[in-house]
Amino acid sequence: MGLLRKIRDTGRVAEPAPPRPEAEQLPAAREFGGSVQVRCVDAGSCNGCEIEIAAAFNPVYDAERYGARLVASPRHADVALVTGPVTRNMAEPLRRTVAAMPEPRLVVAVGDCAINCGEFSGGYGVEGAVSDVVPVDLQVPGCPPEPGEIVAALRRVTGR
Amino acid sequence: MSAIPAALATATGLGGAGALAGVVLPYRLRVPVVGALTAGVGVSGCGAGVAALGGGSWAATFPGVLPLAGTYLAVDALAGLFMAVAGAVVAAVAVYGIGYATGHGAHGLGSRTAQTALPLFALTLVLVPVAASVSTFLVLWELMALASLLLVLAEHAERASVRLAGVWYAVMTHLGLVLLLAGFALFAADAGGESFAALRAGASAVSPTVRGLVFVLTALAFTSKAGAVPLHAWLPRAHPEAPSPVSALMSAAMVNLGIYGLVRTGLDLLGGGPAWWWLGLMAMGGVSAVYGILQAAMTSDLKRLLAYSTSENMGLVLIGVGASGLFAAYGDRLLAALALAAGLLHVVNHAAFKALLFCAAGSVLRATGVRDLDRLGGLRARMPATAGLFAFAALGAVALPPGNGFISEWLLLQSLIHGLQVPGVAVAVVLPLSVALIALSAGIAAAAFVKALGVGFFARPRSEEAAGAKEAPALMLVGMALLGAACAALALVPGLLGDGLDRAVAAVGLPGGGAVSGGALKVRIADLSASLAPLWVVAALTAALMLAIGLPRLYGRRRRRTNARLWDCGGGAPTPRMAYTATSFAEPLQRVFDDVLAPEQDVDVTPVRESAYLVERVRFQRRVPDRIEHRLYEPLLRTIAGTGQAARRLAGGSVHLYLGYGFFGLVVLLLILAVGW
């Protein structure tokens with residue numbers, strides 16, 4: 001009974017769905033048909049963006065209701081969600097991860113570091129931004145971006 | 001029938017010529033000539049056996065050949081079955097052996113001693129079932145044991161373990177001989193004659209106690225030769241250490257003769273007996289089946305795995321023979337015939353697939369010098385023919401439908417399940433238990449052979465030796481292909497054996513109920529409502545396989561394909577060290593059977609000299625010892641050694657003491673004579 005009571009007491013925690021983002025669905029994402037499997041790659045992040053991504057998929061922001069879902073292998077994924085500046089050790093694994101994804105595939109750079117190396121620009125262990133290593137289709141700026149912004153970006157991919 | 005004596009005479013002549021050639025010829029000529037002559041022994045022995053299976057029989061007496069006793073020979077269908085099996089195995093393995101010994105050089109199997117013993121061993125394998133008197137049988141039996149012992153010791157210069165295995169084999173086989181001698185002497189004395197005909201005629205007059213004693217003594221000896229637990233200790237030592245063709249001969253032909261002796265003595269000469277004989281035999285068979293295959297699943301030595309699997313299969317045959325005796329004791333002779341036919345069919349099937357398995361393991365050993373599965377792998381690409389033949393034989397060994405082992409195990413299960421109609425508490429308890437044990441052993445056998453094939457032949461090589469393996473030479477492949485053809489024939493058309501099997505069963509006085517008949521297509525059980533058509537099973541499986549492979553191909557052709565790198569989590573490529581080894585494959589099973597296997601585990605932590613908290617090295621060791629050997633044999637050996645040590649004091653080296661013994665002995669003897677007479 002504990003679970004039922006908890007459900008009754010807590011009620012609905014998910015925020016009401018915000019309106020659809022104005023920007024159009026990415027043309028390359030049409031083939032996904034509104035269902036998008038997402039693989040996260042931490043290319044050298046400070047883990048701030050990871051916390052926000054985790055929040056985007058929690059019950060409050062609930063990105064899954066728009067058709068995005070996290071998966072455990074790039075072989076299952078349509079979208080790579082890349083965070084952090086690409087460090088030297090992660091450059092090759094990132095390339096291989098993207099290469100391992102079936103086509104069509106999209107790469108989303110999440111956070112300022114992923115877009116332009118941010119705070120870590122010029123660091124001795126940094127290879128470059130994500131776009132220096134793999135082609136990037138969509139960017140989510142912010143340090144870190146808010147969960148709502150990540151959800152909005154994913155909605156541009158799912159189109160829902 | 002004049003074909004049988006002619007074939008036997010040919011076999012004997014060729015065997016003698018082979019032994020002579022082994023002694024006389026130089027190395028280059030020795031191996032091919034001896035191999036060809038041995039193959040001839042096999043072919044003519046098999047011919048004699050087939051003639052006997054076809055309904056022929058023959059008996060003869062040569063009073064002058066053995067002093068005092070004379071030589072009695074007789075061939076009936078039961079003997080014919082075992083001769084045919086032994087002859088066929090000998091013929092194929094001899095061809096294989098030429099290739100094997102040629103590459104090995106003038107030592108090991110190519111040595112003068114081994115090449116002399118090989119044709120003799122082959123000849124005795126064929127001739128033991130022909131013996132028709134106790135003395136003839138025991139002479140041939142002992143010749144077989146000695147010839148095989150010489151062959152087991154062939155590679156003694158290369159590994160110390162060979163010598164130890166030889167000692168175990170010599171001692172156990174001779175203890176068996178002593179038991180046989182005692183049992184048969186007792187039997188012959190009470191039955192009034194030592195020829196089998198006299199024993200058969202006099203058996204009913206022997207008192208039940210003596211009959212029981214004779215059965216127990218001979219059954220212990222014969223089950224020890226068959227490698228049944230707990231008398232199996234020599235088998236997993238001697239079979240792996242022998243050169244591979246010899247392992248194949250021993251595992252596929254010699255152990256069968258233990259079964260032959262048991263059937264001949266228990267069911268034929270003694271004419272059956274009370275239920276407790278057969279219940280004991282079934283218990284032994286059940287324990288052998290499960291314990292043998294469990295040890296096979298644990299070991300990572302390829303040939304040791306096969307040797308333990310021999311124990312398992314002989315256990316299954318013992319269950320069949322025991323069930324047959326049990327049904328006969330309760331008066332259901334039709335079911336008894338069925339159970340015996342199942343057991344004998346399994347002997348044939350086991351001989352085919354086990355000879356092939358040992359030959360394939362021998363090819364691997366010859367190509368890599370490695371028997372440890374943990375260090376093999378990747379052989380499918382390097383030795384495709386050997387790998388394919390091994391896989392085919394393993395299919396027979398796991399008793400799954402397209403394999404030949406499935407047919408005899410199915411028949412055995414049918415006889416046990418339908419045996420429940422026989423009344424009696426013992427039957428009601430033992431039969432379901434036996435069915436469960438057979439099912440369990442079949443399941444573990446699948447695990448054991450998936451391990452042998454998957455870890456040994458697939459994936460990537462885990463050692464340099466395995467990486468440099470080359471396919472076996474043509475003659476070895478020809479020998480193996482012959483055995484593979486035999487396996488396929490037994491799997492597809494076991495009905496060919498039907499009439500011969502019926503005659504073999506009828507030879508011990510049971511009605512051959514046509515257990516395997518229906519032309520060359522069907523296994524049908526007379527009177528009972530079960531039937532199996534191996535050809536249809538194979539056809540259905542092939543069709544299903546074609547569909548499973550073909551449909552995705554057909555469907556997938558419309559899609560674009562790209563070749564991509566193996567997904568390795570973005571890191572480096574996986575190394576062979578990351579692959580599944582035999583030990584890790586067996587580990588979950590070992591956990592399940594922890595209480596039975598009692599593995600020994602040893603963790604050794606060495607700290608750095610400066611601090612007890614910093615670890616320099618951790619050594620982890622795990623061993624799964626043969627528990628029966630550990631608990632039964634080692635205390636026994638210790639006791640014997642202790643007694644010997646204690647007895648040394650009696651012979652202290654003093655002449656006075658020895659004179660005293662003599663005097664004392666004389667006085668006691670005189671006293672006994674004075675009082676006794």
# chains A, B, ... in the order shown; residues from 1 in each chain; ligands from 1

$ select_by_dssp --residues "chain A" --states "strand (DSSP E)" --output "ChimeraX atom specification"
/A:36-42,68-70,79-83,86-87,106-110,126-128,138-140

$ residues_around --residues "region 53-62 of chain A" --least-positions-apart "3" --cutoff "9 Å" --atoms "only C-alpha atoms" --output "ChimeraX atom specification"
/A:12-17,40,48-50,65-66,68-70,110,145-151

$ select_by_dssp --residues "region 357-415 of chain B" --states "alpha helix (DSSP H)" --output "ChimeraX atom specification"
/B:357-368,379-382,384-397,404-415

$ interface_residues --of "chain A" --to "chain B" --cutoff "10 Å" --atoms "only C-alpha atoms" --output "list in words"
Ser73, Pro74, Arg75, Asn89, Met90, Ala91, Glu92, Pro93, Leu94, Arg95, Arg96, Thr97, Val98, Ala99, Ala100, Met101 and Pro102 of chain A

$ residues_around --residues "Leu154 (chain A)" --least-positions-apart "6" --cutoff "10 Å" --atoms "only C-alpha atoms" --output "CSV table (one decimal) with N, CA and C atoms, in the first residue's frame"
chain,number,residue,atom,x,y,z
A,25,GLN,N,11.3,21.7,-36.7
A,25,GLN,CA,12.1,20.5,-36.5
A,25,GLN,C,13.2,20.4,-37.5
A,36,VAL,N,13.3,9.2,-30.6
A,36,VAL,CA,14.7,9.5,-30.7
A,36,VAL,C,15.4,8.8,-29.6
A,38,VAL,N,18.8,8.4,-27.4
A,38,VAL,CA,19.9,9.4,-27.2
A,38,VAL,C,21.1,8.7,-26.4
A,56,ALA,N,17.0,16.8,-17.0
A,56,ALA,CA,16.0,16.9,-18.1
A,56,ALA,C,15.2,15.6,-18.3
A,63,ALA,N,11.8,14.5,-20.3
A,63,ALA,CA,12.0,14.6,-21.7
A,63,ALA,C,11.4,13.4,-22.5
A,64,GLU,N,11.2,12.3,-21.8
A,64,GLU,CA,10.7,11.1,-22.5
A,64,GLU,C,9.3,11.3,-23.0
A,66,TYR,N,8.3,13.6,-24.8
A,66,TYR,CA,8.4,14.1,-26.1
A,66,TYR,C,9.0,13.1,-27.1
A,67,GLY,N,9.3,11.9,-26.6
A,67,GLY,CA,9.9,10.9,-27.5
A,67,GLY,C,11.4,10.7,-27.5
A,68,ALA,N,12.0,11.4,-26.5
A,68,ALA,CA,13.5,11.2,-26.4
A,68,ALA,C,13.8,10.2,-25.3
A,69,ARG,N,14.8,9.3,-25.5
A,69,ARG,CA,15.0,8.3,-24.5
A,69,ARG,C,16.5,8.1,-24.5
A,79,VAL,N,20.9,9.9,-31.7
A,79,VAL,CA,21.5,11.2,-31.4
A,79,VAL,C,22.6,11.0,-30.3
A,81,LEU,N,24.6,13.1,-27.5
A,81,LEU,CA,24.5,14.3,-26.7
A,81,LEU,C,25.9,14.5,-26.1
A,108,VAL,N,24.5,16.5,-31.0
A,108,VAL,CA,24.0,17.7,-30.3
A,108,VAL,C,25.1,18.1,-29.3
A,138,LEU,N,23.4,20.5,-33.9
A,138,LEU,CA,22.6,21.4,-33.0
A,138,LEU,C,23.4,21.8,-31.8
A,140,VAL,N,23.4,23.6,-27.9
A,140,VAL,CA,22.6,24.1,-26.7
A,140,VAL,C,23.5,24.9,-25.8
A,148,GLY,N,15.3,22.8,-19.1
A,148,GLY,CA,14.3,23.2,-20.0
A,148,GLY,C,14.9,23.5,-21.4
A,160,ARG,N,8.1,16.9,-31.4
A,160,ARG,CA,6.8,16.8,-30.7
A,160,ARG,C,6.7,17.8,-29.5

$ atom_distance --atom1 "CA of Ser311 (chain B)" --atom2 "CA of Ala436 (chain B)"
17.7 Å

$ residues_around --residues "Tyr291 (chain B)" --least-positions-apart "5" --cutoff "10 Å" --atoms "only C-alpha atoms" --output "PyMOL selection string"
chain B and resi 228-230+285-286+296-297+308-309+311-312+315+441+596-597+626-628

$ closest_residue --among "A:Thr10, A:Gly2, A:Gln37, A:Glu22" --to "Thr158 (chain A)" --atoms "only C-alpha atoms"
A:Gln37

$ closest_residue --among "A:Cys143, A:Met1, A:Cys46, A:Ala153" --to "Val86 (chain A)" --atoms "only C-alpha atoms"
A:Cys46

$ residues_around --residues "Gly44 (chain A)" --least-positions-apart "5" --cutoff "10 Å" --atoms "only C-alpha atoms" --output "JSON list (two decimals) with N, CA and C atoms, in the first residue's frame"
[["chain", "number", "residue", "atom", "x", "y", "z"],
["A", 82, "VAL", "N", 26.70, 15.37, -26.70],
["A", 82, "VAL", "CA", 28.11, 15.47, -26.30],
["A", 82, "VAL", "C", 28.29, 16.68, -25.39],
["A", 83, "THR", "N", 28.99, 16.47, -24.28],
["A", 83, "THR", "CA", 29.24, 17.56, -23.33],
["A", 83, "THR", "C", 30.74, 17.75, -23.16],
["A", 84, "GLY", "N", 31.13, 18.98, -22.75],
["A", 84, "GLY", "CA", 32.50, 19.26, -22.37],
["A", 84, "GLY", "C", 33.40, 19.54, -23.55],
["A", 85, "PRO", "N", 34.55, 20.19, -23.31],
["A", 85, "PRO", "CA", 35.55, 20.33, -24.36],
["A", 85, "PRO", "C", 36.10, 18.95, -24.66],
["A", 86, "VAL", "N", 36.48, 18.67, -25.89],
["A", 86, "VAL", "CA", 36.98, 17.34, -26.21],
["A", 86, "VAL", "C", 38.44, 17.25, -25.78],
["A", 87, "THR", "N", 38.70, 16.40, -24.79],
["A", 87, "THR", "CA", 40.08, 16.24, -24.33],
["A", 87, "THR", "C", 40.81, 15.30, -25.27],
["A", 88, "ARG", "N", 42.14, 15.33, -25.17],
["A", 88, "ARG", "CA", 42.93, 14.52, -26.10],
["A", 88, "ARG", "C", 42.56, 13.04, -26.00],
["A", 89, "ASN", "N", 42.37, 12.56, -24.76],
["A", 89, "ASN", "CA", 42.09, 11.15, -24.60],
["A", 89, "ASN", "C", 40.69, 10.77, -25.12],
["A", 90, "MET", "N", 39.79, 11.75, -25.20],
["A", 90, "MET", "CA", 38.43, 11.41, -25.60],
["A", 90, "MET", "C", 38.16, 11.70, -27.07],
["A", 91, "ALA", "N", 39.14, 12.29, -27.76],
["A", 91, "ALA", "CA", 38.89, 12.66, -29.17],
["A", 91, "ALA", "C", 38.61, 11.41, -30.00],
["A", 113, "CYS", "N", 31.19, 24.70, -23.22],
["A", 113, "CYS", "CA", 32.47, 24.01, -23.46],
["A", 113, "CYS", "C", 32.42, 23.20, -24.74],
["A", 114, "ALA", "N", 31.26, 22.55, -24.95],
["A", 114, "ALA", "CA", 31.15, 21.70, -26.13],
["A", 114, "ALA", "C", 31.14, 22.56, -27.39],
["A", 120, "PHE", "N", 37.76, 26.21, -20.55],
["A", 120, "PHE", "CA", 38.96, 25.36, -20.70],
["A", 120, "PHE", "C", 39.70, 25.62, -22.01],
["A", 125, "GLY", "N", 45.35, 19.92, -22.16],
["A", 125, "GLY", "CA", 44.78, 18.61, -22.45],
["A", 125, "GLY", "C", 43.59, 18.69, -23.38],
["A", 126, "VAL", "N", 43.32, 19.90, -23.90],
["A", 126, "VAL", "CA", 42.09, 20.05, -24.70],
["A", 126, "VAL", "C", 42.42, 19.99, -26.18]]

$ residues_around --residues "Val126 (chain B)" --least-positions-apart "4" --cutoff "9 Å" --atoms "only C-alpha atoms" --output "MDAnalysis selection string"
chainID B and resid 8 11 41:42 45:46 49 82:87 90 121:122 130 253

$ write_last_selection --atoms "N, CA and C atoms" --output "compact mmCIF listing (two decimals), in the first residue's frame"
# COMPACT_ATOMS: atom_id res chain seq x y z
N LEU B 8 38.88 -64.11 -39.16
CA LEU B 8 39.65 -64.11 -37.90
C LEU B 8 41.09 -64.53 -38.15
N ALA B 11 42.88 -61.67 -39.64
CA ALA B 11 43.19 -60.66 -38.64
C ALA B 11 44.39 -61.09 -37.82
N VAL B 41 43.94 -55.56 -39.83
CA VAL B 41 43.39 -56.27 -38.67
C VAL B 41 41.98 -55.76 -38.37
N GLY B 42 41.86 -54.40 -38.37
CA GLY B 42 40.57 -53.81 -38.08
C GLY B 42 39.52 -54.20 -39.09
N GLY B 45 38.64 -57.88 -38.73
CA GLY B 45 37.89 -58.07 -37.48
C GLY B 45 36.47 -57.57 -37.63
N CYS B 46 36.34 -56.38 -38.24
CA CYS B 46 35.01 -55.81 -38.45
C CYS B 46 34.20 -56.72 -39.36
N GLY B 49 32.94 -59.60 -37.44
CA GLY B 49 31.85 -59.15 -36.58
C GLY B 49 30.57 -58.95 -37.35
N PHE B 82 30.58 -56.49 -30.70
CA PHE B 82 31.75 -55.83 -30.12
C PHE B 82 32.96 -55.95 -31.05
N MET B 83 33.05 -57.08 -31.79
CA MET B 83 34.15 -57.21 -32.75
C MET B 83 33.99 -56.20 -33.87
N ALA B 84 32.76 -56.04 -34.33
CA ALA B 84 32.55 -55.10 -35.43
C ALA B 84 32.91 -53.69 -35.00
N VAL B 85 32.47 -53.30 -33.79
CA VAL B 85 32.77 -51.95 -33.29
C VAL B 85 34.28 -51.78 -33.15
N ALA B 86 34.93 -52.76 -32.47
CA ALA B 86 36.37 -52.64 -32.24
C ALA B 86 37.10 -52.61 -33.59
N GLY B 87 36.70 -53.49 -34.53
CA GLY B 87 37.37 -53.56 -35.81
C GLY B 87 37.24 -52.25 -36.58
N VAL B 90 39.41 -49.64 -34.95
CA VAL B 90 40.82 -49.92 -35.21
C VAL B 90 41.19 -49.52 -36.63
N PHE B 121 47.74 -54.87 -29.77
CA PHE B 121 46.60 -54.29 -29.05
C PHE B 121 45.35 -54.34 -29.93
N ALA B 122 45.52 -53.96 -31.20
CA ALA B 122 44.38 -53.98 -32.13
C ALA B 122 43.83 -55.39 -32.25
N VAL B 130 35.98 -63.16 -28.86
CA VAL B 130 35.93 -64.49 -29.49
C VAL B 130 36.16 -65.59 -28.46
N ALA B 253 37.13 -48.46 -27.94
CA ALA B 253 37.05 -49.89 -28.14
C ALA B 253 37.32 -50.69 -26.87

$ atom_distance --atom1 "CA of Ala233 (chain B)" --atom2 "CA of Leu636 (chain B)"
12.9 Å

$ residues_around --residues "Leu316 (chain B)" --least-positions-apart "6" --cutoff "10 Å" --atoms "only C-alpha atoms" --output "ChimeraX atom specification"
/B:228,282,284-290,310,322,342-343,346-347,408-409,412,434,437-438,441

$ closest_residue --among "A:Val107, A:Val41, A:Ala29, A:Glu52" --to "Ala72 (chain A)" --atoms "only C-alpha atoms"
A:Val41

$ atom_distance --atom1 "CA of Ala381 (chain B)" --atom2 "CA of Pro552 (chain B)"
24.9 Å

$ decode --residues "region 27-47 of chain A" --atoms "N, CA and C atoms" --output "tab-separated table (two decimals), in the first residue's frame"
chain	number	residue	atom	x	y	z
A	27	PRO	N	15.46	19.31	-40.30
A	27	PRO	CA	15.07	18.51	-41.47
A	27	PRO	C	15.65	17.11	-41.42
A	28	ALA	N	16.90	17.00	-40.89
A	28	ALA	CA	17.55	15.68	-40.86
A	28	ALA	C	16.85	14.74	-39.90
A	29	ALA	N	16.01	15.29	-38.98
A	29	ALA	CA	15.40	14.45	-37.94
A	29	ALA	C	14.05	13.90	-38.36
A	30	ARG	N	13.60	14.27	-39.57
A	30	ARG	CA	12.26	13.81	-39.99
A	30	ARG	C	12.15	12.29	-39.98
A	31	GLU	N	13.27	11.64	-40.40
A	31	GLU	CA	13.23	10.18	-40.53
A	31	GLU	C	13.04	9.46	-39.21
A	32	PHE	N	13.33	10.14	-38.11
A	32	PHE	CA	13.20	9.47	-36.81
A	32	PHE	C	11.75	9.21	-36.45
A	33	GLY	N	10.84	9.96	-37.04
A	33	GLY	CA	9.43	9.74	-36.79
A	33	GLY	C	9.00	10.04	-35.37
A	34	GLY	N	9.68	10.97	-34.73
A	34	GLY	CA	9.23	11.39	-33.40
A	34	GLY	C	9.73	10.52	-32.27
A	35	SER	N	10.54	9.52	-32.57
A	35	SER	CA	11.10	8.68	-31.51
A	35	SER	C	12.60	8.69	-31.64
A	36	VAL	N	13.27	9.23	-30.63
A	36	VAL	CA	14.71	9.47	-30.74
A	36	VAL	C	15.44	8.82	-29.58
A	37	GLN	N	16.41	7.99	-29.90
A	37	GLN	CA	17.23	7.35	-28.86
A	37	GLN	C	18.51	8.16	-28.69
A	38	VAL	N	18.84	8.43	-27.45
A	38	VAL	CA	19.92	9.38	-27.18
A	38	VAL	C	21.05	8.69	-26.43
A	39	ARG	N	22.27	8.90	-26.90
A	39	ARG	CA	23.44	8.40	-26.19
A	39	ARG	C	24.25	9.61	-25.72
A	40	CYS	N	24.56	9.67	-24.41
A	40	CYS	CA	25.36	10.76	-23.87
A	40	CYS	C	26.83	10.41	-23.97
A	41	VAL	N	27.65	11.39	-24.39
A	41	VAL	CA	29.10	11.20	-24.36
A	41	VAL	C	29.71	12.36	-23.58
A	42	ASP	N	30.43	12.03	-22.53
A	42	ASP	CA	31.14	13.04	-21.77
A	42	ASP	C	32.55	13.11	-22.34
A	43	ALA	N	32.83	14.18	-23.11
A	43	ALA	CA	34.11	14.26	-23.79
A	43	ALA	C	35.16	14.97	-22.93
A	44	GLY	N	34.83	15.29	-21.71
A	44	GLY	CA	35.78	15.98	-20.85
A	44	GLY	C	35.12	17.06	-20.02
A	45	SER	N	33.84	16.86	-19.74
A	45	SER	CA	33.04	17.88	-19.07
A	45	SER	C	33.38	17.96	-17.59
A	46	CYS	N	32.95	19.12	-16.96
A	46	CYS	CA	33.12	19.24	-15.52
A	46	CYS	C	31.97	18.57	-14.78
A	47	ASN	N	31.06	17.95	-15.51
A	47	ASN	CA	29.90	17.22	-15.00
A	47	ASN	C	28.74	18.13	-14.63
